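Pasted below: start20.txt, compact mmCIF, C-alpha atoms.
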# COMPACT_ATOMS: atom_id res chain seq x y z
CA MET A 1 47.46 82.59 87.67
CA ALA A 2 45.85 81.48 90.95
CA GLU A 3 42.13 80.94 91.27
CA ASP A 4 41.08 84.42 92.27
CA PRO A 5 37.36 84.99 92.71
CA THR A 6 36.75 87.33 89.83
CA ALA A 7 33.51 88.55 91.29
CA ALA A 8 35.26 89.96 94.28
CA MET A 9 37.91 91.43 92.06
CA ALA A 10 35.32 93.09 89.95
CA LYS A 11 33.88 94.86 92.93
CA GLU A 12 36.99 95.97 94.63
CA CYS A 13 39.97 96.08 92.36
CA LYS A 14 40.98 99.07 90.45
CA VAL A 15 43.22 98.87 87.47
CA ARG A 16 45.76 101.58 86.92
CA LEU A 17 46.44 102.79 83.43
CA LYS A 18 49.31 105.12 82.77
CA ILE A 19 48.91 107.13 79.61
CA SER A 20 50.95 109.33 77.35
CA ASP A 21 51.42 112.31 79.65
CA ASP A 22 52.07 110.04 82.62
CA THR A 23 48.67 110.63 84.25
CA ILE A 24 47.09 107.61 85.81
CA PHE A 25 43.57 106.47 85.02
CA GLU A 26 42.04 104.27 87.66
CA VAL A 27 39.26 102.11 86.39
CA GLU A 28 37.23 99.33 87.86
CA TYR A 29 38.26 95.85 86.99
CA ALA A 30 35.03 95.11 85.14
CA VAL A 31 35.47 98.22 83.04
CA ALA A 32 39.03 97.31 82.18
CA MET A 33 37.93 93.84 81.18
CA GLN A 34 36.05 95.33 78.24
CA SER A 35 39.46 95.57 76.64
CA GLN A 36 40.80 92.23 75.47
CA MET A 37 44.30 93.58 75.57
CA LEU A 38 44.00 94.61 79.20
CA LYS A 39 42.34 91.34 80.01
CA ASN A 40 45.32 89.46 78.63
CA ALA A 41 47.85 91.81 80.17
CA LEU A 42 46.28 91.59 83.61
CA SER A 43 45.87 87.85 83.57
CA ASP A 44 49.61 87.62 83.18
CA THR A 45 50.71 90.23 85.66
CA GLY A 46 47.83 90.64 88.08
CA THR A 47 46.34 93.98 88.98
CA ASP A 48 49.09 95.24 91.18
CA GLY A 49 51.14 97.03 88.63
CA THR A 50 50.23 99.79 86.31
CA VAL A 51 49.55 99.12 82.67
CA PRO A 52 51.34 101.56 80.43
CA LEU A 53 49.45 102.95 77.45
CA HIS A 54 51.87 105.53 76.19
CA ASN A 55 50.30 106.05 72.83
CA ILE A 56 46.95 107.17 74.16
CA SER A 57 46.16 110.72 75.21
CA SER A 58 44.05 111.58 78.21
CA GLU A 59 41.24 112.97 76.09
CA ILE A 60 40.98 109.71 74.20
CA MET A 61 41.39 107.59 77.28
CA ALA A 62 38.58 109.46 78.96
CA LYS A 63 36.28 108.63 76.07
CA VAL A 64 37.26 104.99 76.08
CA VAL A 65 36.68 104.70 79.80
CA GLU A 66 33.37 106.49 79.46
CA TYR A 67 32.25 103.98 76.85
CA CYS A 68 33.40 100.94 78.74
CA ALA A 69 31.94 102.10 82.02
CA TYR A 70 28.58 102.76 80.42
CA HIS A 71 28.51 99.39 78.75
CA VAL A 72 29.46 97.50 81.87
CA ASN A 73 26.61 99.20 83.63
CA ALA A 74 24.19 98.85 80.75
CA ALA A 75 24.79 95.17 80.25
CA ASN A 76 21.85 94.05 82.34
CA THR A 77 20.00 97.19 83.23
CA ILE A 78 19.42 99.29 80.13
CA SER A 79 17.37 98.30 77.10
CA GLU A 80 19.17 97.59 73.86
CA LYS A 81 17.33 100.41 72.18
CA ASP A 82 18.47 102.95 74.73
CA VAL A 83 22.02 101.67 74.54
CA LYS A 84 21.97 102.24 70.78
CA ILE A 85 20.74 105.77 71.31
CA TRP A 86 23.48 106.43 73.82
CA ASP A 87 26.06 105.03 71.43
CA GLN A 88 24.96 107.40 68.68
CA GLU A 89 25.11 110.38 71.00
CA PHE A 90 28.48 109.31 72.32
CA LEU A 91 30.20 109.73 68.96
CA LYS A 92 27.95 112.29 67.41
CA ASP A 93 29.86 115.51 67.77
CA LEU A 94 33.36 114.18 67.64
CA ASP A 95 35.49 115.66 64.90
CA GLN A 96 37.17 113.40 62.44
CA ALA A 97 40.63 113.59 64.00
CA THR A 98 39.33 112.60 67.43
CA LEU A 99 37.36 109.80 65.87
CA PHE A 100 40.41 108.45 64.17
CA ASN A 101 42.53 108.69 67.32
CA LEU A 102 39.78 106.91 69.16
CA ILE A 103 39.70 104.15 66.63
CA MET A 104 43.45 103.65 66.88
CA ALA A 105 43.25 103.48 70.66
CA THR A 106 40.35 101.09 70.48
CA GLN A 107 42.19 98.87 68.08
CA TYR A 108 45.23 98.83 70.32
CA MET A 109 43.17 98.03 73.36
CA VAL A 110 41.05 95.56 71.43
CA ILE A 111 37.55 96.68 72.33
CA HIS A 112 35.44 95.04 69.64
CA ASN A 113 32.07 96.66 70.10
CA LEU A 114 33.51 100.16 70.34
CA GLN A 115 35.61 99.56 67.27
CA ASP A 116 32.58 98.37 65.30
CA LEU A 117 30.66 101.38 66.48
CA ILE A 118 33.33 103.82 65.36
CA CYS A 119 33.71 102.10 62.00
CA GLN A 120 30.00 102.35 61.49
CA THR A 121 30.01 106.01 62.44
CA VAL A 122 32.76 106.74 59.95
CA ALA A 123 30.88 104.79 57.29
CA ASP A 124 27.81 106.91 58.01
CA ARG A 125 29.91 109.98 57.36
CA ILE A 126 31.15 108.62 54.05
CA LYS A 127 27.70 107.70 52.82
CA ASP A 128 26.45 109.69 49.83
CA LYS A 129 29.51 111.90 49.71
CA SER A 130 31.39 112.82 46.58
CA ALA A 131 35.13 112.22 46.30
CA GLU A 132 35.85 115.88 47.01
CA GLU A 133 33.69 115.84 50.10
CA VAL A 134 35.37 112.68 51.33
CA ARG A 135 38.78 114.27 50.92
CA GLU A 136 37.69 117.32 52.82
CA ILE A 137 35.96 115.55 55.67
CA PHE A 138 38.73 113.07 56.25
CA ASN A 139 41.54 115.42 55.45
CA ILE A 140 42.84 113.14 52.75
CA GLN A 141 45.64 114.23 50.52
CA ASN A 142 44.81 113.84 46.88
CA ASP A 143 47.92 112.12 45.61
CA LEU A 144 46.60 111.42 42.14
CA THR A 145 47.92 113.23 39.13
CA PRO A 146 45.25 114.94 37.05
CA GLU A 147 45.60 112.24 34.40
CA GLU A 148 45.30 109.46 36.95
CA GLU A 149 42.30 111.09 38.53
CA GLU A 150 40.69 111.55 35.16
CA GLU A 151 41.22 107.89 34.36
CA ILE A 152 39.81 106.70 37.67
CA ARG A 153 36.81 108.98 37.31
CA HIS A 154 36.20 107.57 33.88
CA GLU A 155 36.42 104.01 35.16
CA ASN A 156 33.90 104.76 37.86
CA GLN A 157 31.57 106.80 35.71
CA TRP A 158 29.01 104.00 35.64
CA ALA A 159 28.32 104.43 39.33
CA PHE A 160 27.35 108.05 38.96
CA GLU A 161 25.12 108.03 35.93
CA GLU A 162 22.30 110.29 36.99
CA GLU A 163 19.62 108.82 34.83
CA GLY A 164 17.30 107.70 37.51
CA TRP A 165 16.09 104.20 37.72
CA PRO A 166 12.37 104.40 37.41
CA GLU A 167 10.44 102.50 39.97
CA ILE A 168 8.31 100.09 38.06
CA GLN A 169 5.04 100.34 39.82
CA GLU A 170 2.07 98.12 39.48
CA GLU A 171 0.02 98.75 36.41
CA VAL A 172 -3.24 100.50 36.80
CA ARG A 173 -5.75 97.76 36.39
CA LEU A 174 -8.36 98.83 33.89
CA GLU A 175 -11.90 97.77 34.27
CA GLY A 176 -13.61 96.31 31.29
CA MET B 1 45.16 110.76 58.05
CA SER B 2 47.79 108.68 56.40
CA ALA B 3 48.42 107.47 59.92
CA ILE B 4 45.29 105.38 59.68
CA PRO B 5 46.40 101.93 58.69
CA ASP B 6 44.88 100.13 55.73
CA GLU B 7 43.37 97.62 58.06
CA ILE B 8 41.15 100.21 59.67
CA TRP B 9 39.97 101.63 56.35
CA MET B 10 39.14 98.11 55.26
CA GLN B 11 37.20 97.54 58.41
CA ILE B 12 35.29 100.76 57.94
CA MET B 13 34.34 99.80 54.40
CA ASP B 14 33.56 96.25 55.39
CA ILE B 15 31.21 97.28 58.17
CA GLY B 16 29.77 100.01 55.98
CA VAL B 17 28.84 97.54 53.27
CA GLN B 18 27.69 94.84 55.69
CA ARG B 19 25.35 97.21 57.46
CA ASN B 20 23.94 98.61 54.23
CA ILE B 21 25.43 102.02 54.81
CA LEU B 22 27.84 102.10 51.91
CA ASN B 23 26.84 101.15 48.40
CA TYR B 24 28.57 100.86 45.04
CA ARG B 25 28.49 104.59 44.56
CA ASP B 26 30.12 105.33 47.91
CA LEU B 27 32.91 102.87 47.22
CA SER B 28 33.44 104.50 43.85
CA SER B 29 33.66 107.95 45.46
CA LEU B 30 36.28 106.59 47.80
CA ALA B 31 38.16 105.17 44.83
CA ILE B 32 38.41 108.59 43.26
CA SER B 33 39.60 110.36 46.40
CA SER B 34 43.13 109.04 46.70
CA ARG B 35 45.52 106.42 45.41
CA ARG B 36 45.42 104.38 48.56
CA LEU B 37 41.66 104.49 48.90
CA CYS B 38 41.37 103.55 45.24
CA ARG B 39 43.36 100.42 45.88
CA LEU B 40 41.54 99.62 49.11
CA SER B 41 38.03 100.22 47.86
CA ASN B 42 38.63 98.00 44.85
CA HIS B 43 39.19 94.92 46.96
CA SER B 44 37.16 92.04 45.65
CA PHE B 45 35.61 90.89 48.89
CA LEU B 46 33.80 94.22 49.26
CA TRP B 47 32.31 93.90 45.79
CA GLU B 48 31.47 90.28 46.37
CA LEU B 49 29.56 91.34 49.45
CA LEU B 50 27.78 94.08 47.53
CA TRP B 51 26.84 91.55 44.88
CA THR B 52 25.19 89.25 47.41
CA LYS B 53 23.19 92.19 48.68
CA ASP B 54 22.17 93.75 45.40
CA PHE B 55 21.74 90.66 43.26
CA PRO B 56 20.82 88.04 45.83
CA SER B 57 19.15 85.71 43.39
CA ASP B 58 22.08 85.60 40.99
CA SER B 59 25.27 83.82 41.79
CA ILE B 60 28.54 85.33 40.71
CA PRO B 61 29.48 83.94 37.32
CA GLU B 62 32.54 81.83 36.77
CA SER B 63 35.05 84.10 35.25
CA LEU B 64 38.72 84.25 34.52
CA THR B 65 38.93 87.67 36.05
CA LYS B 66 39.12 87.88 39.79
CA ASP B 67 38.14 91.50 39.60
CA LEU B 68 34.80 91.47 41.36
CA LYS B 69 34.32 95.15 40.90
CA SER B 70 34.23 94.92 37.13
CA LEU B 71 31.97 91.86 37.29
CA TYR B 72 29.66 93.83 39.54
CA LYS B 73 29.75 96.74 37.14
CA GLN B 74 28.77 94.54 34.20
CA LYS B 75 25.92 93.01 36.16
CA PHE B 76 24.80 96.42 37.32
CA GLU B 77 24.66 97.79 33.80
CA ARG B 78 22.77 94.79 32.51
CA VAL B 79 20.18 95.02 35.24
CA LYS B 80 19.89 98.74 34.71
CA SER B 81 19.23 98.50 30.99
CA THR B 82 16.67 95.76 31.60
CA LYS B 83 14.82 97.96 34.04
CA ILE B 84 14.93 100.93 31.72
CA ALA B 85 13.54 98.88 28.83
CA ALA B 86 10.79 97.53 31.05
CA HIS B 87 9.95 101.02 32.14
CA LYS B 88 9.67 102.20 28.54
CA ARG B 89 7.29 99.36 27.83
CA SER B 90 5.21 100.35 30.84
CA VAL B 91 4.99 103.91 29.65
CA LEU B 92 3.89 102.84 26.17
CA ARG B 93 1.32 100.52 27.66
CA VAL B 94 -0.17 103.23 29.81
CA GLN B 95 -0.14 105.69 26.94
CA SER B 96 -2.13 103.32 24.77
CA GLN B 97 -4.57 102.73 27.62
CA ALA B 98 -5.06 106.47 27.75
CA LEU B 99 -5.74 106.63 24.01
CA VAL B 100 -8.28 103.83 24.17
CA LEU B 101 -10.06 105.52 27.03
CA GLU B 102 -10.13 108.78 25.15
CA ARG B 103 -11.74 107.17 22.16
CA GLU B 104 -14.29 105.39 24.32
CA CYS B 105 -15.17 108.63 26.04
CA LYS B 106 -15.67 110.33 22.72
CA ASP B 107 -17.94 107.56 21.46
CA LEU B 108 -19.98 107.65 24.62
CA GLY B 109 -20.29 111.41 24.25
CA THR B 110 -21.68 111.03 20.77
CA LEU B 111 -24.21 108.45 21.95
CA LEU B 112 -25.17 110.64 24.84
CA ASN B 113 -25.83 113.62 22.61
CA GLY B 114 -27.93 111.49 20.27
CA GLU B 115 -30.09 110.34 23.16
CA ARG B 116 -30.50 113.87 24.41
CA ARG B 117 -31.66 115.03 21.01
CA ARG B 118 -34.11 112.16 20.79
CA LEU B 119 -35.38 112.93 24.24
CA ASN B 120 -35.95 116.55 23.33
CA SER B 121 -37.84 115.75 20.17
CA THR B 122 -39.94 113.12 21.94
CA LEU B 123 -40.77 115.55 24.72
CA SER B 124 -41.88 118.18 22.28
CA GLU B 125 -43.99 115.69 20.30
CA LEU B 126 -45.63 114.64 23.56
CA LYS B 127 -46.33 118.24 24.41
CA ASN B 128 -47.94 118.85 21.03
CA ILE B 129 -50.16 115.83 21.23
CA GLU B 130 -51.30 116.62 24.71
CA ARG B 131 -52.12 120.12 23.66
CA ALA B 132 -54.04 118.83 20.67
CA ARG B 133 -55.97 116.45 22.86
CA GLN B 134 -56.84 119.17 25.29
CA SER B 135 -58.01 121.34 22.43
CA SER B 136 -60.24 118.61 21.00
CA VAL B 137 -61.76 117.95 24.40
CA ALA B 138 -62.37 121.63 24.83
CA LEU B 139 -63.87 121.74 21.38
CA LYS B 140 -66.28 118.94 22.23
CA ILE B 141 -67.40 120.63 25.41
CA TRP B 142 -67.81 124.16 24.17
CA GLN B 143 -68.89 123.73 20.60
CA PRO B 144 -70.73 120.44 20.33
CA GLU B 145 -72.48 121.56 17.12
CA ILE B 146 -69.22 121.74 15.27
CA ILE B 147 -68.56 118.16 16.20
CA HIS B 148 -71.46 117.14 14.04
CA THR B 149 -69.42 117.76 10.94
CA ARG B 150 -67.61 115.17 8.91
CA GLN B 151 -64.64 115.36 11.17
CA GLN B 152 -66.69 113.97 14.04
CA ASP B 153 -65.40 110.41 13.49
CA VAL B 154 -61.88 111.59 13.08
CA VAL B 155 -62.05 113.63 16.24
CA GLU B 156 -63.74 110.78 18.10
CA GLN B 157 -61.19 108.27 16.94
CA THR B 158 -58.26 110.49 17.81
CA PRO B 159 -58.53 110.00 21.55
CA VAL B 160 -57.78 106.27 21.20
CA ARG B 161 -54.90 106.78 18.85
CA THR B 162 -53.78 109.75 20.90
CA ASP B 163 -53.80 107.80 24.11
CA SER B 164 -51.73 104.97 22.75
CA ARG B 165 -49.39 107.43 21.07
CA ILE B 166 -48.98 109.30 24.32
CA HIS B 167 -48.26 106.06 26.10
CA SER B 168 -45.59 104.97 23.69
CA LEU B 169 -44.04 108.43 23.73
CA LYS B 170 -43.83 108.29 27.48
CA MET B 171 -42.19 104.88 27.28
CA GLU B 172 -39.71 106.23 24.82
CA ILE B 173 -38.96 109.16 27.08
CA ALA B 174 -38.34 106.81 29.96
CA VAL B 175 -35.98 104.70 27.86
CA CYS B 176 -34.15 107.80 26.66
CA LYS B 177 -33.71 109.05 30.18
CA GLU B 178 -32.43 105.70 31.34
CA ARG B 179 -29.94 105.56 28.49
CA ILE B 180 -28.82 109.09 29.15
CA GLU B 181 -28.20 108.25 32.76
CA ARG B 182 -26.31 105.12 31.85
CA PHE B 183 -24.13 106.91 29.33
CA SER B 184 -23.48 109.73 31.76
CA ARG B 185 -22.43 107.27 34.40
CA SER B 186 -20.14 105.47 32.00
CA ILE B 187 -18.59 108.72 30.94
CA CYS B 188 -18.03 109.63 34.57
CA GLU B 189 -16.33 106.32 35.28
CA LYS B 190 -14.18 106.58 32.18
CA ASN B 191 -13.21 110.09 33.16
CA SER B 192 -12.08 109.08 36.59
CA LEU B 193 -10.21 106.12 35.11
CA MET B 194 -8.64 108.56 32.72
CA GLU B 195 -7.51 110.71 35.64
CA ARG B 196 -5.84 107.71 37.24
CA VAL B 197 -4.17 106.69 34.03
CA LYS B 198 -2.92 110.21 33.43
CA SER B 199 -1.46 110.54 36.90
CA LYS B 200 0.06 107.09 36.53
CA LEU B 201 1.69 108.24 33.31
CA GLU B 202 2.99 111.35 35.00
CA SER B 203 4.56 109.43 37.81
CA LEU B 204 6.16 107.01 35.38
CA GLN B 205 7.65 109.76 33.32
CA TYR B 206 8.98 111.79 36.21
CA LYS B 207 12.19 110.10 37.22
CA PRO B 208 13.39 111.27 40.62
CA LEU B 209 17.05 110.77 41.40
CA PRO B 210 17.18 107.64 43.48
CA GLU B 211 19.16 107.62 46.66
CA SER B 212 20.43 104.23 45.90
CA CYS B 213 19.94 103.16 42.35
CA ILE B 214 19.41 99.57 43.19
CA SER B 215 16.88 99.33 45.92
CA ARG B 216 17.87 96.76 48.42
CA PHE B 217 15.41 93.96 48.46
CA GLN B 218 12.94 93.56 51.24
CA GLY B 219 13.55 91.00 53.87
CA SER B 220 16.85 90.28 55.44
CA PRO B 221 19.64 90.65 52.97
CA LYS B 222 21.73 87.58 52.51
CA LYS B 223 24.62 87.91 54.88
CA ALA B 224 27.92 86.68 53.61
CA LYS B 225 30.25 85.12 56.11
CA ILE B 226 32.50 87.89 57.20
CA THR B 227 35.72 87.16 58.92
CA ASP B 228 38.71 89.34 59.53
CA LYS B 229 40.64 86.76 57.59
CA ARG B 230 39.45 88.36 54.39
CA ILE B 231 40.68 91.76 55.36
CA GLU B 232 43.91 90.17 56.39
CA ASN B 233 44.30 88.32 53.11
CA ALA B 234 43.47 91.42 51.15
CA ILE B 235 46.13 93.41 52.95
CA LYS B 236 48.62 90.56 52.56
CA SER B 237 48.11 90.40 48.85
CA ASP B 238 48.59 94.14 48.66
CA PHE B 239 51.89 93.93 50.46
CA ARG B 240 52.98 91.10 48.22
CA SER B 241 52.22 93.06 45.10
CA LEU B 242 53.89 96.16 46.52
CA GLY B 243 56.96 94.14 47.31
CA ASN B 244 57.36 92.92 43.74
Reformat the file's structure so that it appears as structure tokens.
Amino acid sequence: MAEDPTAAMAKECKVRLKISDDTIFEVEYAVAMQSQMLKNALSDTGTDGTVPLHNISSEIMAKVVEYCAYHVNAANTISEKDVKIWDQEFLKDLDQATLFNLIMATQYMVIHNLQDLICQTVADRIKDKSAEEVREIFNIQNDLTPEEEEEIRHENQWAFEEEGWPEIQEEVRLEG
Amino acid sequence: MSAIPDEIWMQIMDIGVQRNILNYRDLSSLAISSRRLCRLSNHSFLWELLWTKDFPSDSIPESLTKDLKSLYKQKFERVKSTKIAAHKRSVLRVQSQALVLERECKDLGTLLNGERRRLNSTLSELKNIERARQSSVALKIWQPEIIHTRQQDVVEQTPVRTDSRIHSLKMEIAVCKERIERFSRSICEKNSLMERVKSKLESLQYKPLPESCISRFQGSPKKAKITDKRIENAIKSDFRSLGN
């Protein structure tokens, strides 16, 4: 590709993304560059055409664009702490299905930091949950037979033994 | 949710463990929830990572089995029983401290009572003597003729003996009082020590359910080198075994 001044591109060019229901998302070049996949696609074809993203819905695309736009803006202007807070809020109220669709889209578009963020969010939701709760939250089909489940529970029993581990504190030092 | 590829689940678990969100118990819960998650959560690299976090000072033993989860489990149970034994010893130690203190308190109490009794009897002897002295002085003043009896010498000598007796009684009283104060102070100290020991015992014997049974060590946990290669390899080996 020719030596285009990327700075100028960043300011002026818009990238067109055509999604599942044929609507077009127009995003700034810098925002689009957050996605490695778009970066590669555009370096081959230039920004004239429209990049098709048929497997992504508009709801999901909107979220992705929101994230990327914020992070482009935040890169030099917003403190890391505030960015973290924003990130938490961004995913906070999303239901599990949306989260999973988001993660698929993010994986497809190769947006590393968003993907890490979503994985972490899902991990947070798994933390301290029982198997039943995990199944419910993530809508997982229990495909184990009762015997299989019994066996697996037995194998993992050690992890759930409730006998607390006492904290061994410092001894009370007795005076003479 | 079966639409979520294995790779993504692996990444979720990987990041979860790396960032100290998921522990051995969470992975075990995942293992119970479905066949696929059982397979995925058992992957050795996850348990290897957990090992480096939970047992940072111990390297993973050479073993024929490549099953890191069961190695982790063995290590876990060993460490757990060590801690429990140590805790039992602590409790016994504190209990015996409490017994010793109790005995010491009792002994001090006995001593204290003895001193108090001695003090009382000394005080009353002092009172008697002083009264006697006053009487003999009064006698001398008001009835001098009576003094001219045989008892005159006795009465006249008594003041000297009385004075020195009074003096030594007063000394004894002072010593008694000092001892009483000392014993009382000791008892006070022992009592407050006893309180501390008792509350220490209580806190040892109350075992709250820990959030994470193995507390992660302070300081930055040792970070294993994480690359996507591992996830890739894990998935590859799964496919290979499925294909067979």
Would you mind listing, as a PDB file with C-alpha atoms, keeping the file's coordinate frame, all residues of chain B that have at least one atom within 9 Å of chain A, where all atoms listed in the file are what counts?
ATOM      1  CA  MET B   1      45.160 110.760  58.050  1.00  0.00           C
ATOM      2  CA  SER B   2      47.790 108.680  56.400  1.00  0.00           C
ATOM      3  CA  ILE B   4      45.290 105.380  59.680  1.00  0.00           C
ATOM      4  CA  PRO B   5      46.400 101.930  58.690  1.00  0.00           C
ATOM      5  CA  ILE B   8      41.150 100.210  59.670  1.00  0.00           C
ATOM      6  CA  TRP B   9      39.970 101.630  56.350  1.00  0.00           C
ATOM      7  CA  GLN B  11      37.200  97.540  58.410  1.00  0.00           C
ATOM      8  CA  ILE B  12      35.290 100.760  57.940  1.00  0.00           C
ATOM      9  CA  MET B  13      34.340  99.800  54.400  1.00  0.00           C
ATOM     10  CA  ASP B  14      33.560  96.250  55.390  1.00  0.00           C
ATOM     11  CA  ILE B  15      31.210  97.280  58.170  1.00  0.00           C
ATOM     12  CA  GLY B  16      29.770 100.010  55.980  1.00  0.00           C
ATOM     13  CA  VAL B  17      28.840  97.540  53.270  1.00  0.00           C
ATOM     14  CA  ARG B  19      25.350  97.210  57.460  1.00  0.00           C
ATOM     15  CA  ILE B  21      25.430 102.020  54.810  1.00  0.00           C
ATOM     16  CA  LEU B  22      27.840 102.100  51.910  1.00  0.00           C
ATOM     17  CA  ASN B  23      26.840 101.150  48.400  1.00  0.00           C
ATOM     18  CA  TYR B  24      28.570 100.860  45.040  1.00  0.00           C
ATOM     19  CA  ARG B  25      28.490 104.590  44.560  1.00  0.00           C
ATOM     20  CA  ASP B  26      30.120 105.330  47.910  1.00  0.00           C
ATOM     21  CA  SER B  28      33.440 104.500  43.850  1.00  0.00           C
ATOM     22  CA  SER B  29      33.660 107.950  45.460  1.00  0.00           C
ATOM     23  CA  LEU B  30      36.280 106.590  47.800  1.00  0.00           C
ATOM     24  CA  ALA B  31      38.160 105.170  44.830  1.00  0.00           C
ATOM     25  CA  ILE B  32      38.410 108.590  43.260  1.00  0.00           C
ATOM     26  CA  SER B  33      39.600 110.360  46.400  1.00  0.00           C
ATOM     27  CA  SER B  34      43.130 109.040  46.700  1.00  0.00           C
ATOM     28  CA  ARG B  35      45.520 106.420  45.410  1.00  0.00           C
ATOM     29  CA  ARG B  36      45.420 104.380  48.560  1.00  0.00           C
ATOM     30  CA  CYS B  38      41.370 103.550  45.240  1.00  0.00           C
ATOM     31  CA  LYS B  73      29.750  96.740  37.140  1.00  0.00           C
ATOM     32  CA  PHE B  76      24.800  96.420  37.320  1.00  0.00           C
ATOM     33  CA  GLU B  77      24.660  97.790  33.800  1.00  0.00           C
ATOM     34  CA  LYS B  80      19.890  98.740  34.710  1.00  0.00           C
ATOM     35  CA  LYS B  83      14.820  97.960  34.040  1.00  0.00           C
ATOM     36  CA  ILE B  84      14.930 100.930  31.720  1.00  0.00           C
ATOM     37  CA  ALA B  86      10.790  97.530  31.050  1.00  0.00           C
ATOM     38  CA  HIS B  87       9.950 101.020  32.140  1.00  0.00           C
ATOM     39  CA  SER B  90       5.210 100.350  30.840  1.00  0.00           C
ATOM     40  CA  VAL B  94      -0.170 103.230  29.810  1.00  0.00           C
ATOM     41  CA  GLN B  97      -4.570 102.730  27.620  1.00  0.00           C
ATOM     42  CA  LEU B 193     -10.210 106.120  35.110  1.00  0.00           C
ATOM     43  CA  ARG B 196      -5.840 107.710  37.240  1.00  0.00           C
ATOM     44  CA  VAL B 197      -4.170 106.690  34.030  1.00  0.00           C
ATOM     45  CA  LYS B 200       0.060 107.090  36.530  1.00  0.00           C
ATOM     46  CA  LEU B 204       6.160 107.010  35.380  1.00  0.00           C
ATOM     47  CA  GLN B 205       7.650 109.760  33.320  1.00  0.00           C
ATOM     48  CA  TYR B 206       8.980 111.790  36.210  1.00  0.00           C
ATOM     49  CA  LYS B 207      12.190 110.100  37.220  1.00  0.00           C
ATOM     50  CA  PRO B 208      13.390 111.270  40.620  1.00  0.00           C
ATOM     51  CA  LEU B 209      17.050 110.770  41.400  1.00  0.00           C
ATOM     52  CA  PRO B 210      17.180 107.640  43.480  1.00  0.00           C
ATOM     53  CA  GLU B 211      19.160 107.620  46.660  1.00  0.00           C
ATOM     54  CA  CYS B 213      19.940 103.160  42.350  1.00  0.00           C
ATOM     55  CA  ILE B 214      19.410  99.570  43.190  1.00  0.00           C
TER      56      ILE B 214
END
message: Which polymer residues, whether protein, DNA or RNA, lie within 9 Å of the coordinate (31.6, 92.9, 43.9) when you count all atoms listed in the file? List them as number ranges by chain, using the chain letters and numbers from the file.
response: B: 24, 42-52, 60, 67-73
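Of note, CA of Ile78 in chain A and CA of Leu17 in chain A are spaced 27.4 Å apart.
CA of Lys63 in chain A is positioned 10.0 Å from CA of Thr98 in chain A.
CA of Leu114 in chain A is found 14.0 Å from CA of Ile85 in chain A.
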field: Distance query Ser35 in chain A at most 6 Å, all atoms listed in the file, self and fewer than 3 positions along chain excluded, as a VMD selection string
entry: chain A and resid 32 38 109 to 111
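Nearest residue to Tyr108 in chain A, choosing from A:Ser43, A:Ser58, A:Gln36, A:Thr77 and counting only C-alpha atoms: A:Gln36.
The residue set within 10 Å of Tyr67 in chain A, counting only C-alpha atoms and dropping same-chain residues fewer than 5 places from it, reads Val31, Gln34, Met61, Ala62, Val72, Trp86, Asp87, Phe90, Leu91, Asn113 and Leu114 of chain A.
The residue that comes closest to Lys198 in chain B, out of B:Thr65, B:Gln95, B:Asp6, B:Phe55 and on the basis of all atoms listed in the file, is B:Gln95.
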